[in-house]
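Coordinates from final-v7.csv are shown below (CSV, C-alpha atoms and all ligand atoms).
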chain,number,residue,atom,x,y,z
A,1,MET,CA,105.0,106.9,93.2
A,2,ILE,CA,105.6,104.9,90.1
A,3,GLU,CA,104.8,101.2,90.5
A,4,ILE,CA,105.9,98.1,88.6
A,5,ARG,CA,103.4,95.4,88.2
A,6,SER,CA,104.3,91.7,88.1
A,7,PRO,CA,103.0,89.5,85.2
A,8,GLU,CA,100.4,88.1,87.6
A,9,GLU,CA,99.2,91.6,88.5
A,10,ILE,CA,99.0,92.5,84.8
A,11,GLU,CA,96.8,89.4,84.2
A,12,ARG,CA,94.4,90.7,86.9
A,13,MET,CA,94.5,94.1,85.4
A,14,ALA,CA,93.7,92.5,82.0
A,15,ALA,CA,90.6,91.0,83.6
A,16,ALA,CA,89.5,94.5,84.7
A,17,GLY,CA,90.4,95.7,81.2
A,18,GLU,CA,88.2,93.1,79.6
A,19,PHE,CA,85.3,94.1,81.7
A,20,VAL,CA,85.8,97.8,81.0
A,21,ALA,CA,86.0,97.1,77.3
A,22,SER,CA,82.8,95.1,77.4
A,23,VAL,CA,80.9,97.9,79.2
A,24,LEU,CA,82.1,100.4,76.6
A,25,ASP,CA,81.0,98.0,73.8
A,26,GLU,CA,77.6,97.6,75.4
A,27,THR,CA,77.0,101.3,76.1
A,28,ALA,CA,78.3,102.3,72.7
A,29,ALA,CA,75.9,99.8,71.1
A,30,ALA,CA,73.0,101.4,73.0
A,31,CYS,CA,73.7,104.9,71.6
A,32,ALA,CA,71.2,106.1,69.2
A,33,VAL,CA,69.2,109.3,68.4
A,34,GLY,CA,66.8,109.9,71.3
A,35,VAL,CA,68.7,107.8,73.9
A,36,ASN,CA,69.1,109.7,77.2
A,37,LEU,CA,72.6,110.0,78.7
A,38,LEU,CA,71.1,108.9,82.0
A,39,THR,CA,70.0,105.7,80.4
A,40,LEU,CA,73.6,105.0,79.3
A,41,ASP,CA,74.7,105.7,82.9
A,42,ALA,CA,72.1,103.3,84.3
A,43,LEU,CA,73.2,100.6,81.8
A,44,ALA,CA,76.8,100.9,82.9
A,45,HIS,CA,75.7,100.8,86.5
A,46,ASP,CA,73.7,97.6,85.9
A,47,LEU,CA,76.8,96.0,84.3
A,48,LEU,CA,79.0,97.0,87.2
A,49,ARG,CA,76.5,95.4,89.7
A,50,ALA,CA,76.2,92.3,87.6
A,51,ARG,CA,80.0,91.9,87.6
A,52,GLY,CA,80.5,92.8,91.3
A,53,ALA,CA,82.8,95.6,90.1
A,54,GLU,CA,83.3,99.0,91.7
A,55,SER,CA,82.9,102.3,89.9
A,56,CYS,CA,86.0,104.5,90.0
A,57,TYR,CA,83.8,107.6,89.3
A,58,ILE,CA,80.8,107.6,91.5
A,59,GLU,CA,82.5,108.9,94.7
A,60,TYR,CA,85.4,110.5,92.8
A,61,HIS,CA,85.9,114.0,94.2
A,62,PRO,CA,89.3,115.5,93.2
A,63,SER,CA,90.3,119.1,93.7
A,64,PHE,CA,89.0,120.1,90.2
A,65,GLY,CA,85.6,118.5,90.7
A,66,GLY,CA,82.7,120.5,92.1
A,67,SER,CA,81.3,117.6,94.1
A,68,PRO,CA,81.5,113.8,94.1
A,69,PHE,CA,80.9,112.7,90.4
A,70,GLY,CA,77.8,110.7,91.3
A,71,LYS,CA,77.6,108.7,88.0
A,72,VAL,CA,79.6,105.7,86.7
A,73,ILE,CA,80.4,106.8,83.2
A,74,CYS,CA,81.5,110.1,81.6
A,75,THR,CA,79.3,111.1,78.6
A,76,SER,CA,80.8,114.1,76.8
A,77,VAL,CA,78.7,115.5,74.0
A,78,ASN,CA,79.9,117.8,71.2
A,79,ASP,CA,81.8,120.7,72.8
A,80,ALA,CA,82.2,118.6,76.0
A,81,ALA,CA,85.8,117.3,75.8
A,82,LEU,CA,86.3,115.4,79.1
A,83,HIS,CA,84.5,114.5,82.3
A,84,GLY,CA,81.1,114.9,80.9
A,85,LEU,CA,78.6,114.5,83.7
A,86,PRO,CA,75.6,112.4,82.5
A,87,HIS,CA,72.5,114.6,82.6
A,88,ASP,CA,68.9,114.6,81.3
A,89,TYR,CA,69.8,114.9,77.6
A,90,ARG,CA,68.6,112.9,74.6
A,91,LEU,CA,71.1,112.2,71.9
A,92,ARG,CA,70.5,114.0,68.6
A,93,ASP,CA,71.4,113.2,65.1
A,94,GLY,CA,75.0,114.1,64.4
A,95,ASP,CA,76.1,114.4,68.0
A,96,VAL,CA,79.7,113.5,68.8
A,97,LEU,CA,79.7,111.5,72.1
A,98,SER,CA,82.7,110.3,74.1
A,99,LEU,CA,82.2,107.6,76.7
A,100,ASP,CA,84.9,107.3,79.3
A,101,PHE,CA,84.7,104.4,81.8
A,102,ALA,CA,86.9,103.1,84.6
A,103,ALA,CA,86.1,100.3,87.1
A,104,SER,CA,87.9,98.3,89.7
A,105,VAL,CA,87.5,94.5,89.4
A,106,ASP,CA,88.9,92.5,92.4
A,107,GLY,CA,90.9,95.5,93.4
A,108,TRP,CA,92.5,96.3,90.0
A,109,VAL,CA,91.5,99.2,87.8
A,110,ALA,CA,91.2,99.7,84.0
A,111,ASP,CA,90.3,102.9,82.3
A,112,SER,CA,89.2,103.4,78.7
A,113,ALA,CA,87.3,105.8,76.4
A,114,LEU,CA,85.9,105.9,72.9
A,115,THR,CA,84.2,108.5,70.8
A,116,LEU,CA,81.4,107.9,68.4
A,117,ILE,CA,79.0,109.8,66.1
A,118,VAL,CA,75.3,109.4,66.7
A,119,GLY,CA,73.5,109.0,63.4
A,120,THR,CA,74.7,111.2,60.5
A,121,LEU,CA,78.3,112.0,60.5
A,122,ARG,CA,80.0,115.2,59.6
A,123,GLU,CA,83.3,114.8,57.8
A,124,GLU,CA,85.2,117.1,60.1
A,125,ASP,CA,84.0,115.2,63.2
A,126,SER,CA,84.9,111.9,61.6
A,127,ARG,CA,88.4,113.3,60.9
A,128,LEU,CA,88.8,114.5,64.4
A,129,ILE,CA,88.0,111.1,65.8
A,130,SER,CA,90.4,109.4,63.4
A,131,THR,CA,93.1,111.7,64.4
A,132,ALA,CA,92.6,111.0,68.1
A,133,GLN,CA,92.6,107.2,67.3
A,134,ASP,CA,95.8,107.6,65.2
A,135,ALA,CA,97.4,109.5,68.1
A,136,LEU,CA,96.4,106.7,70.5
A,137,ASP,CA,97.8,104.1,68.2
A,138,ALA,CA,101.1,106.1,67.9
A,139,GLY,CA,101.3,106.6,71.6
A,140,ILE,CA,100.7,102.9,72.3
A,141,ALA,CA,103.4,102.0,69.6
A,142,ALA,CA,105.9,104.2,71.5
A,143,ALA,CA,105.1,102.5,74.8
A,144,VAL,CA,108.0,100.1,74.6
A,145,VAL,CA,111.0,99.2,76.8
A,146,GLY,CA,113.9,101.5,76.0
A,147,ASN,CA,111.7,104.5,75.2
A,148,ARG,CA,110.8,107.3,77.7
A,149,ILE,CA,107.5,108.9,78.6
A,150,GLY,CA,108.4,111.8,76.3
A,151,ASP,CA,108.4,109.4,73.4
A,152,ILE,CA,104.7,108.6,74.0
A,153,SER,CA,103.9,112.2,74.4
A,154,ALA,CA,105.8,113.3,71.3
A,155,ALA,CA,104.1,110.5,69.2
A,156,ILE,CA,100.7,111.7,70.3
A,157,GLY,CA,101.5,115.3,69.8
A,158,SER,CA,103.0,115.0,66.4
A,159,ILE,CA,99.9,113.3,65.0
A,160,ALA,CA,97.7,116.1,66.4
A,161,ARG,CA,100.0,118.9,65.1
A,162,ALA,CA,100.1,117.3,61.6
A,163,ALA,CA,96.3,117.4,61.6
A,164,GLY,CA,96.4,121.1,62.5
A,165,LEU,CA,95.1,120.6,66.0
A,166,ARG,CA,96.3,122.4,69.1
A,167,ILE,CA,97.0,120.4,72.2
A,168,ASN,CA,96.0,120.9,75.8
A,169,THR,CA,98.5,119.2,78.1
A,170,ASP,CA,96.6,119.9,81.4
A,171,PHE,CA,94.8,116.6,81.3
A,172,GLY,CA,96.4,113.5,79.8
A,173,GLY,CA,97.5,109.9,80.5
A,174,HIS,CA,98.4,108.5,83.8
A,175,GLY,CA,99.5,105.5,85.7
A,176,VAL,CA,96.8,102.9,86.5
A,177,GLY,CA,96.8,100.2,89.2
A,178,ARG,CA,94.9,99.8,92.4
A,179,THR,CA,93.5,103.3,91.8
A,180,MET,CA,92.5,105.1,88.7
A,181,HIS,CA,95.1,107.9,88.7
A,182,GLY,CA,98.7,107.3,89.6
A,183,ASP,CA,102.0,108.7,88.5
A,184,PRO,CA,103.3,109.5,86.1
A,185,HIS,CA,101.3,112.1,84.1
A,186,ILE,CA,101.6,111.5,80.4
A,187,PRO,CA,100.9,114.8,78.6
A,188,ASN,CA,99.6,114.6,75.0
A,189,ASP,CA,102.6,116.4,73.7
A,190,GLY,CA,106.2,116.5,74.7
A,191,ARG,CA,109.8,116.0,73.7
A,192,PRO,CA,111.1,112.6,72.6
A,193,GLY,CA,113.9,111.1,74.7
A,194,ARG,CA,112.8,112.9,77.8
A,195,GLY,CA,111.2,111.8,81.1
A,196,LEU,CA,110.9,108.4,82.8
A,197,PRO,CA,112.5,105.5,81.1
A,198,LEU,CA,109.9,102.8,80.2
A,199,ARG,CA,110.3,99.5,81.9
A,200,ALA,CA,108.3,96.2,81.7
A,201,GLY,CA,105.6,96.2,84.3
A,202,LEU,CA,104.5,99.9,84.0
A,203,VAL,CA,100.8,100.2,83.3
A,204,PHE,CA,99.5,103.5,81.9
A,205,ALA,CA,96.2,104.9,80.6
A,206,ILE,CA,97.1,106.7,77.3
A,207,GLU,CA,94.4,109.1,76.4
A,208,PRO,CA,94.6,111.7,73.6
A,209,TRP,CA,91.8,114.2,73.4
A,210,PHE,CA,91.6,117.1,71.0
A,211,MET,CA,89.2,119.8,70.0
A,212,LEU,CA,88.6,121.1,66.5
A,213,GLY,CA,89.3,124.8,67.0
A,214,THR,CA,91.1,125.4,70.3
A,215,ASN,CA,93.2,123.9,73.1
A,216,ARG,CA,91.4,125.9,75.8
A,217,ILE,CA,88.6,124.6,78.0
A,218,TYR,CA,86.3,125.9,80.7
A,219,THR,CA,84.3,124.1,83.3
A,220,ASP,CA,80.5,123.8,82.8
A,221,PRO,CA,78.3,125.1,85.7
A,222,ASP,CA,77.7,121.4,86.6
A,223,GLY,CA,81.2,121.5,88.1
A,224,TRP,CA,82.6,118.6,86.1
A,225,THR,CA,82.1,118.8,82.3
A,226,LEU,CA,85.1,120.4,80.6
A,227,ARG,CA,84.0,122.2,77.4
A,228,SER,CA,86.0,123.7,74.5
A,229,LEU,CA,86.3,127.5,75.0
A,230,ASP,CA,85.2,128.2,71.4
A,231,GLY,CA,82.3,125.6,71.3
A,232,SER,CA,84.1,123.4,68.8
A,233,ARG,CA,83.7,119.7,69.0
A,234,ALA,CA,86.0,117.3,70.8
A,235,ALA,CA,87.1,113.7,70.6
A,236,HIS,CA,88.7,111.5,73.3
A,237,VAL,CA,90.0,108.0,73.1
A,238,GLU,CA,91.9,106.0,75.8
A,239,HIS,CA,93.3,102.6,76.5
A,240,THR,CA,95.0,101.0,79.5
A,241,VAL,CA,98.3,99.6,78.3
A,242,ALA,CA,100.9,97.4,80.0
A,243,ILE,CA,104.5,97.7,78.9
A,244,THR,CA,105.9,94.2,78.6
A,245,GLU,CA,109.2,92.8,77.3
A,246,ALA,CA,107.1,91.6,74.3
A,247,GLY,CA,105.8,95.1,73.6
A,248,PRO,CA,102.8,97.1,74.6
A,249,ARG,CA,99.8,95.1,75.6
A,250,VAL,CA,96.4,96.8,75.4
A,251,LEU,CA,94.4,95.7,78.4
A,252,THR,CA,91.2,97.3,77.3
A,253,ALA,CA,91.0,96.2,73.7
A,254,ARG,CA,87.4,95.9,72.4
A,255,THR,CA,86.0,93.3,70.1
B,1,MG,MG,89.3,107.3,81.4

Produce structure tokens that represent the structure in this file.
Ligand code: MG
Amino acid sequence: MIEIRSPEEIERMAAAGEFVASVLDETAAACAVGVNLLTLDALAHDLLRARGAESCYIEYHPSFGGSPFGKVICTSVNDAALHGLPHDYRLRDGDVLSLDFAASVDGWVADSALTLIVGTLREEDSRLISTAQDALDAGIAAAVVGNRIGDISAAIGSIARAAGLRINTDFGGHGVGRTMHGDPHIPNDGRPGRGLPLRAGLVFAIEPWFMLGTNRIYTDPDGWTLRSLDGSRAAHVEHTVAITEAGPRVLTART
């Protein structure tokens, strides 16, 4: 079901978005060579408790997950593209790390992700992250009244294709509201002018993710982490965005 949010509801989602953004800011700031992924998860957990917010992940157990997620943040390192399950791993110089975090604050959810490089950057990793960011910006710019879902998808896809990347459309953006995942699905590629017409009050997570060498993934034996089939590195960025008469409003903007 596709739901339309009132301006008051969007304000409440914005409060959730502000919290989610602050957690990503704090966990990103804590990333450094030698820091354990479990430490990042513990930090995010502390911030949830301090805010009285609920994790959207810890008990999350969809059909594609091996078991309840059990952690509060996704930490995807290098060839891990999505749903990286935090484990006992210390970050190394040059690692590409994506952090994906969603929380419910007073019953409203926001969902956001960023990708960073730990220590010394490799040019190709930096380009990959920039492309994902450009695709996110283009997707957000297309999230306007009068457009359709396909315009968001096409905007994202065209940036990736121009950068020579192949696109996986199995996982992508989604409606956000009282729960983390709602209709519609927003693939990271598509045809302009197709799909659901965009109306004020729709709230979506828009989330391009790309891998350097492939568009194919496999599931790690941990039952969650999705890795690139060829071992190439991945980047993933995401914002929760409300469509308003005044244009797209990013609810998870970071400082
Ligand atoms: Mg997310």

Next item on the list: Using only C-alpha atoms and all ligand atoms, find each protein or nucleic acid residue lying at most 6 Å from ligand MG 1 (chain B); present the set as a ChimeraX atom specification.
Entry: /A:100-102,111-113

With the cut-off set at 10 Å and counting all atoms listed in the file, tabulate each residue of range 1-41 of chain A with an atom at most that distance from an atom of range 196-213 of chain A, showing the nearest atom pair and its distance in Å to one decimal, ordered by chain and increasing number, as a Markdown table.
| residue | atom | partner | partner_atom | distance |
| --- | --- | --- | --- | --- |
| A:Ile2 | CA | A:Leu202 | CA | 8.0 |
| A:Glu3 | CA | A:Leu202 | CA | 6.6 |
| A:Ile4 | CA | A:Gly201 | CA | 4.7 |
| A:Arg5 | CA | A:Gly201 | CA | 4.5 |
| A:Ser6 | CA | A:Gly201 | CA | 6.0 |
| A:Pro7 | CA | A:Gly201 | CA | 7.2 |
| A:Glu9 | CA | A:Gly201 | CA | 8.9 |
| A:Ile10 | CA | A:Gly201 | CA | 7.6 |
| A:Met13 | CA | A:Val203 | CA | 9.0 |

Selection above as a file: C-alpha atoms, as a tab-separated table (two decimals), in the coordinates of the input:
chain	number	residue	atom	x	y	z
A	2	ILE	CA	105.60	104.90	90.10
A	3	GLU	CA	104.80	101.20	90.50
A	4	ILE	CA	105.90	98.10	88.60
A	5	ARG	CA	103.40	95.40	88.20
A	6	SER	CA	104.30	91.70	88.10
A	7	PRO	CA	103.00	89.50	85.20
A	9	GLU	CA	99.20	91.60	88.50
A	10	ILE	CA	99.00	92.50	84.80
A	13	MET	CA	94.50	94.10	85.40

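Using all atoms listed in the file for every distance, the candidate list A:Cys74, A:Ser98, A:Trp108, A:Leu82 yields A:Trp108 as the residue closest to Ala53 in chain A.
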
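Using only C-alpha atoms for every distance, the candidate list A:Ala235, A:Ala21, A:Ala81, A:Ala143 yields A:Ala235 as the residue closest to Ala160 in chain A.
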
Next item on the list: Please measure the separation of CA of Leu47 in chain A and CA of Ala234 in chain A, giving the value in Å to one decimal.
Entry: 26.8 Å

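Between Glu245 in chain A and the candidates A:Pro221, A:Gly146, A:Gly34, A:Pro86, the tightest atom-to-atom separation, counting only C-alpha atoms, involves A:Gly146.
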
Next item on the list: Show which residues sit within 12 Å of Asp170 in chain A, as a count of residues only. Count only C-alpha atoms, and ignore same-chain residues fewer than 6 positions away.
Entry: 15

Item checked: Of the listed residues A:Glu54, A:Asp46, A:Glu123, A:Asp88, that which approaches Met180 in chain A most closely, counting only C-alpha atoms -> A:Glu54

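Taking CA of Val145 in chain A as the reference point, CA of Asp183 in chain A is found at 17.6 Å.
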
Notebook entry, point to check: Smallest atom-to-atom distance to Val77 in chain A: which of A:Leu97, A:Tyr89, A:Ala138, A:Gly17, using all atoms listed in the file?
Noted result: A:Leu97

Margin query: Neighbouring residues of Gln133 in chain A were defined as those with any atom within 10 Å, considering all atoms listed in the file; residues of the same chain fewer than 3 positions away were excluded. Please report them as a list in words.
Written below: Leu114, Thr115, Arg127, Leu128, Ile129, Ser130, Leu136, Asp137, Ala138, Gly139, Ile156, Ile159, Glu207, Pro208, Trp209, Ala235, His236, Val237 and Glu238 of chain A

Distance query Val109 in chain A at most 6 Å, all atoms listed in the file, self and fewer than 3 positions along chain excluded, as a compact mmCIF listing (two decimals) with C-alpha atoms, keeping the file's coordinate frame:
# COMPACT_ATOMS: atom_id res chain seq x y z
CA ALA A 16 89.50 94.50 84.70
CA ALA A 103 86.10 100.30 87.10
CA SER A 104 87.90 98.30 89.70
CA GLY A 177 96.80 100.20 89.20
CA ARG A 178 94.90 99.80 92.40
